[in-house]
file my_file-v2.cif (mmCIF, C-alpha atoms)
data_start
#
loop_
_atom_site.label_atom_id
_atom_site.label_comp_id
_atom_site.auth_asym_id
_atom_site.auth_seq_id
_atom_site.Cartn_x
_atom_site.Cartn_y
_atom_site.Cartn_z
CA MET A 9 25.40 5.56 -5.33
CA GLU A 10 27.13 8.33 -7.28
CA MET A 11 27.07 7.78 -11.03
CA ASN A 12 30.58 9.19 -11.53
CA SER A 13 31.69 6.67 -14.13
CA LYS A 14 31.45 7.29 -17.85
CA TYR A 15 30.59 3.61 -18.23
CA ILE A 16 26.89 3.32 -17.38
CA ILE A 17 25.15 0.00 -17.92
CA GLY A 18 21.38 -0.06 -18.39
CA LEU A 19 19.17 -2.94 -17.27
CA ASP A 20 15.48 -3.43 -18.01
CA GLU A 21 12.98 -6.22 -18.58
CA ALA A 22 10.06 -7.02 -20.85
CA GLY A 23 7.20 -9.34 -20.02
CA ARG A 24 6.29 -8.88 -16.36
CA GLY A 25 2.58 -8.55 -17.10
CA PRO A 26 1.80 -11.41 -19.52
CA LEU A 27 0.01 -14.60 -18.56
CA ALA A 28 2.39 -16.76 -20.59
CA GLY A 29 5.98 -17.02 -21.72
CA PRO A 30 9.25 -15.88 -20.16
CA VAL A 31 10.33 -12.57 -18.74
CA VAL A 32 13.27 -11.24 -20.75
CA ALA A 33 15.91 -8.73 -19.63
CA GLY A 34 18.37 -6.65 -21.57
CA CYS A 35 21.71 -5.25 -20.43
CA VAL A 36 23.46 -2.58 -22.50
CA LEU A 37 26.66 -0.56 -22.28
CA LEU A 38 26.71 2.45 -24.60
CA LEU A 39 29.66 4.66 -25.43
CA ASP A 40 29.53 8.39 -26.14
CA ASP A 41 29.43 7.97 -29.90
CA PHE A 42 26.09 6.12 -29.88
CA PRO A 43 23.24 8.01 -31.63
CA ILE A 44 21.00 8.33 -28.57
CA GLU A 45 18.40 10.32 -30.50
CA ILE A 46 17.05 7.02 -31.88
CA LEU A 47 16.32 5.72 -28.35
CA ASN A 48 13.26 5.94 -26.12
CA ASP A 49 11.27 3.76 -23.78
CA SER A 50 10.59 0.72 -25.98
CA LYS A 51 6.83 1.00 -25.39
CA LYS A 52 6.88 4.51 -26.94
CA LEU A 53 8.57 3.45 -30.17
CA SER A 54 6.88 1.97 -33.21
CA GLU A 55 7.87 -1.56 -34.14
CA LYS A 56 9.86 -0.20 -37.10
CA LYS A 57 11.79 2.25 -34.91
CA ARG A 58 12.37 -0.40 -32.23
CA ASN A 59 13.82 -2.80 -34.76
CA PHE A 60 16.08 -0.12 -36.22
CA ALA A 61 17.27 0.89 -32.75
CA GLU A 62 17.88 -2.76 -31.89
CA SER A 63 20.08 -3.21 -34.96
CA MET A 64 22.13 -0.14 -34.00
CA ILE A 65 22.48 -1.30 -30.39
CA LYS A 66 23.72 -4.71 -31.47
CA GLU A 67 26.14 -3.13 -33.95
CA LYS A 68 27.61 -0.40 -31.73
CA ALA A 69 27.08 -1.38 -28.07
CA CYS A 70 28.03 -4.19 -25.76
CA TRP A 71 24.84 -5.99 -24.83
CA GLY A 72 23.41 -9.10 -23.23
CA ILE A 73 20.08 -10.91 -22.97
CA GLY A 74 18.77 -12.98 -20.06
CA LEU A 75 15.56 -14.96 -19.55
CA ALA A 76 13.58 -16.55 -16.78
CA ASP A 77 10.99 -19.00 -18.09
CA HIS A 78 7.41 -19.59 -16.99
CA TYR A 79 8.46 -22.43 -14.66
CA GLU A 80 10.87 -20.13 -12.83
CA ILE A 81 8.26 -17.38 -12.67
CA ASP A 82 5.79 -19.77 -11.03
CA LYS A 83 8.45 -21.02 -8.62
CA ILE A 84 10.02 -17.77 -7.39
CA ASN A 85 7.41 -15.13 -8.45
CA ILE A 86 7.61 -12.56 -11.23
CA LEU A 87 9.67 -9.98 -9.31
CA ASN A 88 12.42 -12.44 -8.42
CA ALA A 89 12.27 -13.94 -11.91
CA SER A 90 12.71 -10.45 -13.42
CA LEU A 91 15.76 -9.83 -11.23
CA LEU A 92 17.15 -13.24 -12.17
CA ALA A 93 16.71 -12.45 -15.86
CA MET A 94 18.57 -9.15 -15.33
CA GLN A 95 21.39 -10.96 -13.57
CA ARG A 96 21.65 -13.36 -16.51
CA ALA A 97 21.57 -10.47 -18.99
CA TYR A 98 24.40 -8.77 -17.10
CA ASP A 99 26.43 -11.98 -17.01
CA ASN A 100 25.83 -12.46 -20.74
CA MET A 101 27.05 -8.93 -21.47
CA MET A 102 30.11 -9.31 -19.25
CA GLU A 103 31.06 -12.50 -21.14
CA LYS A 104 31.25 -10.37 -24.30
CA LEU A 105 32.92 -7.29 -22.81
CA ALA A 106 36.62 -8.10 -23.32
CA GLU A 107 36.13 -9.20 -26.92
CA TRP A 108 33.91 -6.18 -27.63
CA CYS A 109 36.53 -3.77 -26.26
CA LYS A 110 39.12 -5.47 -28.43
CA SER A 111 36.89 -5.16 -31.50
CA ILE A 112 36.62 -1.39 -31.09
CA ARG A 113 40.30 -1.02 -30.23
CA MET A 114 39.96 0.18 -26.66
CA ASP A 115 41.45 -1.09 -23.43
CA CYS A 116 39.30 -3.63 -21.63
CA ILE A 117 36.93 -2.04 -19.15
CA ASP A 118 37.30 -3.21 -15.57
CA LYS A 119 34.04 -4.02 -13.83
CA GLN A 120 35.10 -1.68 -11.01
CA ASP A 121 34.68 1.16 -13.53
CA LEU A 122 31.09 0.15 -14.33
CA ASN A 123 27.90 1.45 -12.77
CA ALA A 124 24.49 0.01 -13.55
CA ILE A 125 21.05 1.59 -13.53
CA VAL A 126 17.97 -0.61 -13.29
CA ASP A 127 14.48 0.46 -14.28
CA GLY A 128 12.25 -0.12 -11.25
CA THR A 129 12.65 -0.22 -7.48
CA PHE A 130 14.75 -3.36 -6.93
CA CYS A 131 18.28 -4.31 -7.96
CA PRO A 132 19.57 -7.65 -9.24
CA ASP A 133 22.58 -9.31 -7.64
CA ILE A 134 25.37 -8.32 -10.03
CA SER A 135 29.10 -7.74 -9.63
CA CYS A 136 29.22 -3.95 -10.13
CA ASN A 137 27.74 -0.88 -8.47
CA VAL A 138 24.01 -0.79 -9.18
CA LYS A 139 21.06 1.43 -8.35
CA SER A 140 17.38 1.22 -9.21
CA GLU A 141 15.25 4.11 -10.37
CA PRO A 142 11.57 4.12 -11.38
CA LYS A 143 10.97 5.33 -14.94
CA ALA A 144 14.67 4.99 -15.76
CA ASP A 145 13.67 3.63 -19.18
CA GLY A 146 12.49 7.11 -20.10
CA LYS A 147 15.56 8.94 -18.75
CA TYR A 148 18.81 7.03 -19.32
CA PRO A 149 19.87 6.04 -22.86
CA SER A 150 21.47 2.78 -21.74
CA VAL A 151 18.26 1.73 -19.95
CA MET A 152 16.20 2.71 -23.00
CA ALA A 153 18.50 0.50 -25.07
CA ALA A 154 18.09 -2.37 -22.62
CA SER A 155 14.31 -2.06 -22.77
CA ILE A 156 14.44 -2.12 -26.58
CA ILE A 157 16.52 -5.29 -26.93
CA ALA A 158 14.48 -7.03 -24.23
CA LYS A 159 11.17 -6.25 -25.91
CA THR A 160 12.26 -7.07 -29.46
CA TYR A 161 13.77 -10.37 -28.30
CA ARG A 162 10.67 -11.34 -26.34
CA ASP A 163 8.28 -10.35 -29.13
CA ARG A 164 10.12 -12.57 -31.60
CA LEU A 165 10.17 -15.41 -29.10
CA MET A 166 6.40 -15.19 -28.64
CA ILE A 167 5.93 -15.22 -32.42
CA GLU A 168 7.87 -18.50 -32.47
CA TYR A 169 5.63 -19.86 -29.70
CA ASP A 170 2.64 -18.88 -31.85
CA LYS A 171 3.86 -21.36 -34.46
CA LEU A 172 3.83 -24.12 -31.83
CA TYR A 173 0.52 -23.12 -30.24
CA PRO A 174 -1.36 -21.13 -32.91
CA GLU A 175 -4.73 -21.38 -31.19
CA TYR A 176 -3.55 -19.03 -28.42
CA GLY A 177 -2.71 -16.08 -30.67
CA TYR A 178 0.69 -15.33 -29.14
CA ALA A 179 1.94 -13.53 -32.27
CA LYS A 180 -0.79 -10.95 -31.79
CA HIS A 181 -0.90 -10.29 -28.04
CA LYS A 182 2.51 -11.69 -26.97
CA GLY A 183 0.93 -13.43 -23.97
CA TYR A 184 -0.58 -10.33 -22.38
CA PRO A 185 -4.00 -10.67 -20.71
CA THR A 186 -6.16 -9.59 -23.63
CA LYS A 187 -9.80 -10.62 -23.85
CA GLN A 188 -8.91 -13.06 -26.66
CA HIS A 189 -6.13 -14.67 -24.65
CA MET A 190 -8.21 -15.14 -21.51
CA GLU A 191 -11.17 -16.51 -23.47
CA ILE A 192 -9.10 -19.19 -25.24
CA CYS A 193 -7.49 -20.24 -21.95
CA ARG A 194 -10.93 -20.63 -20.35
CA LYS A 195 -12.17 -22.54 -23.39
CA ILE A 196 -9.38 -25.05 -24.02
CA GLY A 197 -7.17 -24.70 -20.95
CA PRO A 198 -3.69 -23.28 -20.42
CA SER A 199 -0.96 -23.58 -23.01
CA PRO A 200 2.34 -25.35 -22.25
CA ILE A 201 3.98 -21.94 -21.60
CA GLN A 202 1.26 -20.60 -19.32
CA ARG A 203 2.23 -18.97 -16.02
CA MET A 204 0.06 -21.06 -13.77
CA THR A 205 0.34 -18.71 -10.76
CA PHE A 206 -1.18 -15.84 -12.78
CA LYS A 207 -4.94 -15.57 -12.55
CA ILE A 208 -7.03 -15.59 -15.72
CA LYS A 209 -9.90 -13.20 -15.08
#
call {"tool": "encode", "arguments": {"input": "my_file-v2.cif", "output": "structure tokens"}}
result
Amino acid sequence: MEMNSKYIIGLDEAGRGPLAGPVVAGCVLLLDDFPIEILNDSKKLSEKKRNFAESMIKEKACWGIGLADHYEIDKINILNASLLAMQRAYDNMMEKLAEWCKSIRMDCIDKQDLNAIVDGTFCPDISCNVKSEPKADGKYPSVMAASIIAKTYRDRLMIEYDKLYPEYGYAKHKGYPTKQHMEICRKIGPSPIQRMTFKIK
């Protein structure tokens, strides 16, 4: 697919590797006036810089968030759940698009003028041209932005889960397979948000 449109949507996810919680996807459309120098792969930014970038994305870009929960991950596997979350993030962004265009005093963008880039090797089922590319979150500003809003959203969600299930330490490790996380699961059993199809080593 030729990326000949000036309207490039970025799609990325956060949370494929954890043993608990949802996978979260972000979808972002940036315009040329966005300060792309503040962006990077979300994993390469400090928490402070991620949060600042997130605030700028939500102020200046059109964006959407989508989730697939631990039940869906167990039912359809993490790859398909990630693609489903991306589809939901895209749909969420598209619901905002007309109003966003109006707010910045520009003509509404037709979805035929949109192209999407997905970080990875598979594409979600969405209603515009889409291509996947490994390491896109380190190359395309819109994908960097998507990775940032996905990670910040998921991190905050896991902090909220920590309040419900404090013994699991979700605020610290966000559900990833740390030694602490695996030990508590072996000791007291899985939490209510555990991905039961993921093996605890």
call {"tool": "residues_around", "arguments": {"input": "my_file-v2.cif", "residues": "segment 178-192 of chain A", "least_positions_apart": "2", "cutoff": "8 Å", "atoms": "all atoms listed in the file", "output": "list of chain:residue names"}}
result
A:Gly25, A:Pro26, A:Leu27, A:Ala28, A:Gly29, A:Asp163, A:Met166, A:Ile167, A:Glu168, A:Tyr169, A:Asp170, A:Tyr173, A:Pro174, A:Glu175, A:Tyr176, A:Arg194, A:Lys195, A:Ile196, A:Gly197, A:Ile208, A:Lys209
call {"tool": "write_last_selection", "arguments": {"input": "my_file-v2.cif", "atoms": "C-alpha atoms", "output": "compact mmCIF listing (two decimals), keeping the file's coordinate frame"}}
result
# COMPACT_ATOMS: atom_id res chain seq x y z
CA GLY A 25 2.58 -8.55 -17.10
CA PRO A 26 1.80 -11.41 -19.52
CA LEU A 27 0.01 -14.60 -18.56
CA ALA A 28 2.39 -16.76 -20.59
CA GLY A 29 5.98 -17.02 -21.72
CA ASP A 163 8.28 -10.35 -29.13
CA MET A 166 6.40 -15.19 -28.64
CA ILE A 167 5.93 -15.22 -32.42
CA GLU A 168 7.87 -18.50 -32.47
CA TYR A 169 5.63 -19.86 -29.70
CA ASP A 170 2.64 -18.88 -31.85
CA TYR A 173 0.52 -23.12 -30.24
CA PRO A 174 -1.36 -21.13 -32.91
CA GLU A 175 -4.73 -21.38 -31.19
CA TYR A 176 -3.55 -19.03 -28.42
CA ARG A 194 -10.93 -20.63 -20.35
CA LYS A 195 -12.17 -22.54 -23.39
CA ILE A 196 -9.38 -25.05 -24.02
CA GLY A 197 -7.17 -24.70 -20.95
CA ILE A 208 -7.03 -15.59 -15.72
CA LYS A 209 -9.90 -13.20 -15.08
call {"tool": "axis_aligned_box", "arguments": {"input": "my_file-v2.cif", "around": "segment 200-206 of chain A", "padding_each_side": "6 Å", "output": "JSON"}}
result
{"center_x": 1.4, "center_y": -20.6, "center_z": -16.5, "size_x": 17.2, "size_y": 21.5, "size_z": 23.5}
call {"tool": "resolve_selection", "arguments": {"input": "my_file-v2.cif", "expression": "the PyMOL selection byres ((chain A and resi 74-91) around 12)", "output": "mmCIF file with C-alpha atoms, in the frame of the given file"}}
result
data_model
loop_
_atom_site.group_PDB
_atom_site.id
_atom_site.type_symbol
_atom_site.label_atom_id
_atom_site.label_comp_id
_atom_site.auth_asym_id
_atom_site.auth_seq_id
_atom_site.Cartn_x
_atom_site.Cartn_y
_atom_site.Cartn_z
ATOM 1 C CA LEU A 19 19.170 -2.940 -17.270
ATOM 2 C CA ASP A 20 15.480 -3.430 -18.010
ATOM 3 C CA GLU A 21 12.980 -6.220 -18.580
ATOM 4 C CA ALA A 22 10.060 -7.020 -20.850
ATOM 5 C CA GLY A 23 7.200 -9.340 -20.020
ATOM 6 C CA ARG A 24 6.290 -8.880 -16.360
ATOM 7 C CA GLY A 25 2.580 -8.550 -17.100
ATOM 8 C CA PRO A 26 1.800 -11.410 -19.520
ATOM 9 C CA LEU A 27 0.010 -14.600 -18.560
ATOM 10 C CA ALA A 28 2.390 -16.760 -20.590
ATOM 11 C CA GLY A 29 5.980 -17.020 -21.720
ATOM 12 C CA PRO A 30 9.250 -15.880 -20.160
ATOM 13 C CA VAL A 31 10.330 -12.570 -18.740
ATOM 14 C CA VAL A 32 13.270 -11.240 -20.750
ATOM 15 C CA ALA A 33 15.910 -8.730 -19.630
ATOM 16 C CA GLY A 34 18.370 -6.650 -21.570
ATOM 17 C CA CYS A 35 21.710 -5.250 -20.430
ATOM 18 C CA VAL A 36 23.460 -2.580 -22.500
ATOM 19 C CA TRP A 71 24.840 -5.990 -24.830
ATOM 20 C CA GLY A 72 23.410 -9.100 -23.230
ATOM 21 C CA ILE A 73 20.080 -10.910 -22.970
ATOM 22 C CA LEU A 92 17.150 -13.240 -12.170
ATOM 23 C CA ALA A 93 16.710 -12.450 -15.860
ATOM 24 C CA MET A 94 18.570 -9.150 -15.330
ATOM 25 C CA GLN A 95 21.390 -10.960 -13.570
ATOM 26 C CA ARG A 96 21.650 -13.360 -16.510
ATOM 27 C CA ALA A 97 21.570 -10.470 -18.990
ATOM 28 C CA TYR A 98 24.400 -8.770 -17.100
ATOM 29 C CA ASP A 99 26.430 -11.980 -17.010
ATOM 30 C CA ASN A 100 25.830 -12.460 -20.740
ATOM 31 C CA MET A 101 27.050 -8.930 -21.470
ATOM 32 C CA MET A 102 30.110 -9.310 -19.250
ATOM 33 C CA VAL A 126 17.970 -0.610 -13.290
ATOM 34 C CA ASP A 127 14.480 0.460 -14.280
ATOM 35 C CA GLY A 128 12.250 -0.120 -11.250
ATOM 36 C CA THR A 129 12.650 -0.220 -7.480
ATOM 37 C CA PHE A 130 14.750 -3.360 -6.930
ATOM 38 C CA CYS A 131 18.280 -4.310 -7.960
ATOM 39 C CA PRO A 132 19.570 -7.650 -9.240
ATOM 40 C CA ASP A 133 22.580 -9.310 -7.640
ATOM 41 C CA ILE A 134 25.370 -8.320 -10.030
ATOM 42 C CA SER A 140 17.380 1.220 -9.210
ATOM 43 C CA ALA A 154 18.090 -2.370 -22.620
ATOM 44 C CA ILE A 157 16.520 -5.290 -26.930
ATOM 45 C CA ALA A 158 14.480 -7.030 -24.230
ATOM 46 C CA LYS A 159 11.170 -6.250 -25.910
ATOM 47 C CA TYR A 161 13.770 -10.370 -28.300
ATOM 48 C CA ARG A 162 10.670 -11.340 -26.340
ATOM 49 C CA LEU A 165 10.170 -15.410 -29.100
ATOM 50 C CA GLY A 183 0.930 -13.430 -23.970
ATOM 51 C CA SER A 199 -0.960 -23.580 -23.010
ATOM 52 C CA PRO A 200 2.340 -25.350 -22.250
ATOM 53 C CA ILE A 201 3.980 -21.940 -21.600
ATOM 54 C CA GLN A 202 1.260 -20.600 -19.320
ATOM 55 C CA ARG A 203 2.230 -18.970 -16.020
ATOM 56 C CA MET A 204 0.060 -21.060 -13.770
ATOM 57 C CA THR A 205 0.340 -18.710 -10.760
ATOM 58 C CA PHE A 206 -1.180 -15.840 -12.780
ATOM 59 C CA LYS A 207 -4.940 -15.570 -12.550
#
call {"tool": "resolve_selection", "arguments": {"input": "my_file-v2.cif", "expression": "the PyMOL selection byres ((chain A and resi 145) around 9)", "output": "PyMOL selection string"}}
result
chain A and resi 18-20+48-50+126-128+141-144+146-155
call {"tool": "atom_distance", "arguments": {"input": "my_file-v2.cif", "atom1": "atom CA of Leu105 of chain A", "atom2": "atom CA of Ala69 of chain A"}}
result
9.8 Å
call {"tool": "atom_distance", "arguments": {"input": "my_file-v2.cif", "atom1": "atom CA of Lys57 of chain A", "atom2": "atom CA of Thr160 of chain A"}}
result
10.8 Å
call {"tool": "atom_distance", "arguments": {"input": "my_file-v2.cif", "atom1": "atom CA of Asp40 of chain A", "atom2": "atom CA of Cys70 of chain A"}}
result
12.7 Å
call {"tool": "closest_residue", "arguments": {"input": "my_file-v2.cif", "among": "A:Leu37, A:Val138, A:Ile156, A:Leu172", "to": "Ser54 of chain A", "atoms": "only C-alpha atoms"}}
result
A:Ile156
call {"tool": "closest_residue", "arguments": {"input": "my_file-v2.cif", "among": "A:Asp121, A:Asp115, A:Asp41, A:Glu103", "to": "Lys68 of chain A", "atoms": "all atoms listed in the file"}}
result
A:Asp41
call {"tool": "closest_residue", "arguments": {"input": "my_file-v2.cif", "among": "A:Lys52, A:Asn59, A:Leu39, A:Pro198", "to": "Ile112 of chain A", "atoms": "only C-alpha atoms"}}
result
A:Leu39
call {"tool": "closest_residue", "arguments": {"input": "my_file-v2.cif", "among": "A:Phe42, A:Trp108, A:Tyr15, A:Arg164", "to": "Gln120 of chain A", "atoms": "all atoms listed in the file"}}
result
A:Tyr15
